[in-house]
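K.L.:
Next up is a structure, given as structure tokens.
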Amino acid sequence: MAIAAARQLWAEDTLVSYEKAAARLQDALTIDPNAHEARALAVEAHLAASLSGSASHLRSAEQLLAELDAAHFAGPESVKAHALRLLAAHKPTEAIAQLKPLAAQDPDAAILLGWCELALDDGPAALAAFRQALGLDAKRAAAHFGAARALEQLSDTAAAASEFRVAGQLSPRHLGAALGVIRLSEADSAELERKVLGLISQLGATASPIELGAAWTLLGTRILAERPAEAEERLRKAVALDSTAVEPRIGLAQLLCARDHSELALPFLEAVLARQPHSPEALVLMVEAQVNAKRADLAEDFLRRAAELRPKDARVAYWRGRLEELKGGAGASERAIAAYETAIAANPHLLDAYVVLSQLYQTAQPERAAATLAKAEEQVAAEPEQRSRLGRVYLSFGDGQKAETSFRRAVAELKDPSQLQNARLGLAQALELQGRFDEADALLRELETAGADALLIGPRRAALALARHDLEGAAKLYEPLVTQATASPALLTGAGEVNFRLHRYEVAFALYQRAVAADGRSVDALTGRAQAQLALHHETEALQDARRALALGDVPLAHLVAGRASEALGRPIDAQKEYQAAERSSTETDARIGEARLLIADGRVQDALASLERAAKKSPDRADLQLVIGDCLEELSRHGEAEQAYRAAVRLDPESGEAAFKLGRVLRDQGQRRAAAEMAERAIALGGDQASFAVAAYLLAGDARRESNDRARAVRAYQKYLELAPPDAPQRHDVQQALVNLEGHRR
């Protein structure tokens, strides 16, 4: 009776039914400890129930399996129990060898065999096994579900959808079957999201973590392009629910590669390939990740393996071209062009191939470059979703006009609400790129009024405010967003950056802290927190955060922060290494300034000046660069040139109190006392009494005003100096004496 009831529960194929079956069989063993068939079935039930993450079910299965082995029980149920244990231990090949002799007469063995074949990415063999099971028992929901998964892998979506529906009819609480029906339906993204969230609410309590992970995977993969930050959170939830899942790891790898965080994508792809070494999708993504991580030499083997599996795959040809370009040498461009043309021939809609091909032609054959992109436009003319993608290509090229044209055509034709919203967001970016800020903001406001998620629109409006150099406006736009519990780490990081640029270091630190708490592997959040720590003079903590970020990804800004923290901690050798690693991308000038400070501290002022002057040719608008050049020139007693450098710094950054102070100091040295006093007072007004130069600025103002016979202002400046200066300041006595002379009595 117990065995029959357990088999009936097992056929329902849900987490709750597995747990009930295990309990029934355990009761049967209490009555008859020698019922080895019940013991073997209990092993299978406990192993299936352990999908909930329950360690107790796993321990029970192991104990019962040991008892079976001790009793030398070798019946069919024992074979299936051992095979299921092997599958759970990621050893499908060994399990297949045990199951094949049973599969012809045992539907459970055939079903297990099918799952083992799917684990090896062998769709045809898996489908044959599931159909063998259905030949033995046509009403097994698990067999129909497995057949649907195999058919889906073989791209027979119509047949797969039919099998999912049958599985759902046989087992109405089967979340996986319901998800399959939705996944293969023609529902738009919004409708699909509504249905899947409804299923999670309805069936989540009886579903296994694997099924729930599949649900969150589906929710994440459908919004990869439109809402990447939210997609990442959903996919990470899926991975947390199912530690062996492949699809969410591939989705995360795609997202991370797209965000230039390929170093973070590598562990996900390594985990996928450990389970499915013949996954073409993972192999091609691994090539992309290795190339982006500057490891092109390691990409070759993965590309070779992908080519063996999919020799005519357009992406394989595309990455062959990319690797030829990276290797360089005689004929590299010609080989790359041939590879890209092969990719386009294999898939005329592969936009990336058109883009890199046009870039190759851009310098020597601009007419062919234009023709290549024109051909891409022809290919996507009837596909509004692809036209929207082409708009983003033009955005990456900085061509706002062509991007606008592509997005407007896509907006006119797209029906899917999520895709339409994404195209309209792209249109706003195209308008922003052309300096049409009011039009872009109006479009974003329209989207907001139409009900678009504020967490999606708000950051875009903040980015628009930043493009207008309106930091305060960007901060105000972020304010209501960061209070929401669902604010993503990316949003919190963006808000942190704005507040950091506004010198609100405590606020920025708190936002970065929340972002790191939500995602401890966010390189941007860790780097931002490191910057805030450094600004708050927590150099040791800043260095720790920067190194955590660098352990996750080779980010130039993290190297820069590590260099500045090391310099502040008196570790010049470490600082120099970090500055050298940061000499690329947008941090190159800052890194050269840091290196120059180290050279100055080492007495090599002339070398520092030469390096800074080279940097100034690339970055003529950097006030901080002119400031350090001025320091070098003043150290070399070239006061006139130092004055010009400081004037340039004041012109480029009128809000820099330090620049005003240093200009005032060099003006006084040249006898321009009134102008020196005005600059010192301006520096104090800008920097406040807490500025590092405040004490020296009050002293400079007092001296310059006294020398200009402006006694009242001199007295006020000297009094403030005495209030702020440390008791052992060497100039304190001279200032006190000057005050006596100015006021006519000793203080």
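Letters A, B, ... mark the chains of the structure tokens in the order given; residue numbers begin at 1 per chain; ligand numbers begin at 1, in order shown.
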Extract, using only C-alpha atoms, all DNA, RNA and protein residues at most 9 Å from range 304-320 of chain A, discarding same-chain residues fewer than 2 positions from it, and format them as a ChimeraX atom specification.
P.N.:
/A:278-284,287-288,299-302,322-325,335-336,338-348,350,352-353
K.L.:
Give me, as a VMD selection string, all polymer residues having an atom no more than 10 Å from range 584-598 of chain A, counting only C-alpha atoms and skipping those fewer than 5 positions away in the same chain.
P.N.:
chain A and resid 555 to 561 563 to 564 567 572 to 573 575 to 579 603 to 612 614 to 616 618 to 619 622 624 to 629 631 to 632
K.L.:
Considering only C-alpha atoms, return as a PyMOL selection string whatever protein or nucleic-acid residues lie within 12 Å of Gln202 in chain A, sequence-local ones (same chain, fewer than 5 positions apart) excluded.
P.N.:
chain A and resi 172-175+178+195-197+207+212
K.L.:
Save out the residues we just selected, C-alpha atoms, as a tab-separated table (two decimals), in the first residue's frame.
P.N.:
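Output below, filename part_9.tsv:
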chain	number	residue	atom	x	y	z
A	172	PRO	CA	-1.88	21.14	-12.59
A	173	ARG	CA	0.59	22.38	-9.94
A	174	HIS	CA	3.63	21.72	-12.12
A	175	LEU	CA	5.29	25.17	-12.23
A	178	ALA	CA	3.19	26.28	-16.79
A	195	LYS	CA	1.73	35.81	-15.85
A	196	VAL	CA	5.01	34.51	-14.43
A	197	LEU	CA	4.77	36.63	-11.27
A	207	ALA	CA	7.54	24.35	-6.33
A	212	LEU	CA	11.45	28.87	-8.97
K.L.:
Pick out the residues sitting within 12 Å of Lys237 in chain A, and hand them over as a list in words; count only C-alpha atoms, and ignore anything fewer than 5 positions along from it in its own chain.
P.N.:
Pro209, Ile210, Leu212, Gly213, Ala214, Ala215, Trp216, Thr217, Leu218, Leu219, Gly220, Glu230, Ala231, Glu232, Asp242, Ser243, Ala245, Pro248, Arg249, Leu252, Ala518 and Asp519 of chain A
K.L.:
Using only C-alpha atoms, which residue out of A:Asp728, A:Ile223, A:Thr527, A:Gly553 lies closest to Asp260 in chain A?
P.N.:
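Closest residue, counting only C-alpha atoms: A:Gly553.
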K.L.:
Give the answer as one residue: which of A:Gly702, A:Ser388, A:Thr405, A:Gln132 has the shortest atom-to-atom distance to Asp734 in chain A, using only C-alpha atoms?
P.N.:
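So, comparing all the options, the nearest one is A:Gly702.
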K.L.:
Between CA of Tyr505 in chain A and CA of Val523 in chain A, measure the distance and give it in Å to one decimal.
P.N.:
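Separation of CA of Tyr505 in chain A and CA of Val523 in chain A: 18.7 Å.
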K.L.:
Using only C-alpha atoms, which residues sit within 8 Å of Leu170 in chain A once same-chain residues fewer than 2 positions away are excluded, as a ChimeraX atom specification?
P.N.:
/A:12,139-141,166-168,172
K.L.:
Just the residues within 12 Å of Ala729 in chain A, please, counting only C-alpha atoms, with nothing from its chain fewer than 6 positions along; format it as a ChimeraX atom specification.
P.N.:
/A:695-696,699,721-723,735-736
K.L.:
Point out the residue among A:Arg548, A:Arg514, A:Arg387, A:Arg529 with the least atom-to-atom distance to Leu427 in chain A, counting only C-alpha atoms.
P.N.:
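Smallest separation from Leu427 in chain A among the options: A:Arg387.
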K.L.:
Using only C-alpha atoms, which protein or nucleic acid residues come within 10 Å of Leu184 in chain A? Drop anything in the same chain fewer than 2 positions from it, and give the result as an MDAnalysis selection string.
P.N.:
chainID A and resid 152 157:158 160:162 164 179:182 186:187
K.L.:
Give me, please, the distance in Å between CA of Ile600 in chain A and CA of Glu635 in chain A, quoted to one decimal.
P.N.:
9.1 Å
K.L.:
Please, which residues of range 283-488 of chain A, numbered as in this document, come out helix (DSSP H, G or I) from DSSP, as a VMD selection string?
P.N.:
chain A and resid 283 to 292 296 to 309 314 to 327 332 to 346 351 to 362 366 to 380 384 to 397 400 to 413 417 to 433 437 to 449 454 to 467 471 to 482
K.L.:
In terms of the shortest atom-to-atom distance over only C-alpha atoms, which of A:Ala89, A:Leu492, A:Ala238, A:Leu395 is closest to Ala517 in chain A?
P.N.:
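The answer is A:Leu492, which sits nearest to Ala517 in chain A.
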K.L.:
One decimal, Å: what's the distance from CA of Leu569 in chain A over to CA of Leu599 in chain A, could you say?
P.N.:
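According to the coordinates, CA of Leu569 in chain A and CA of Leu599 in chain A are separated by 16.2 Å.
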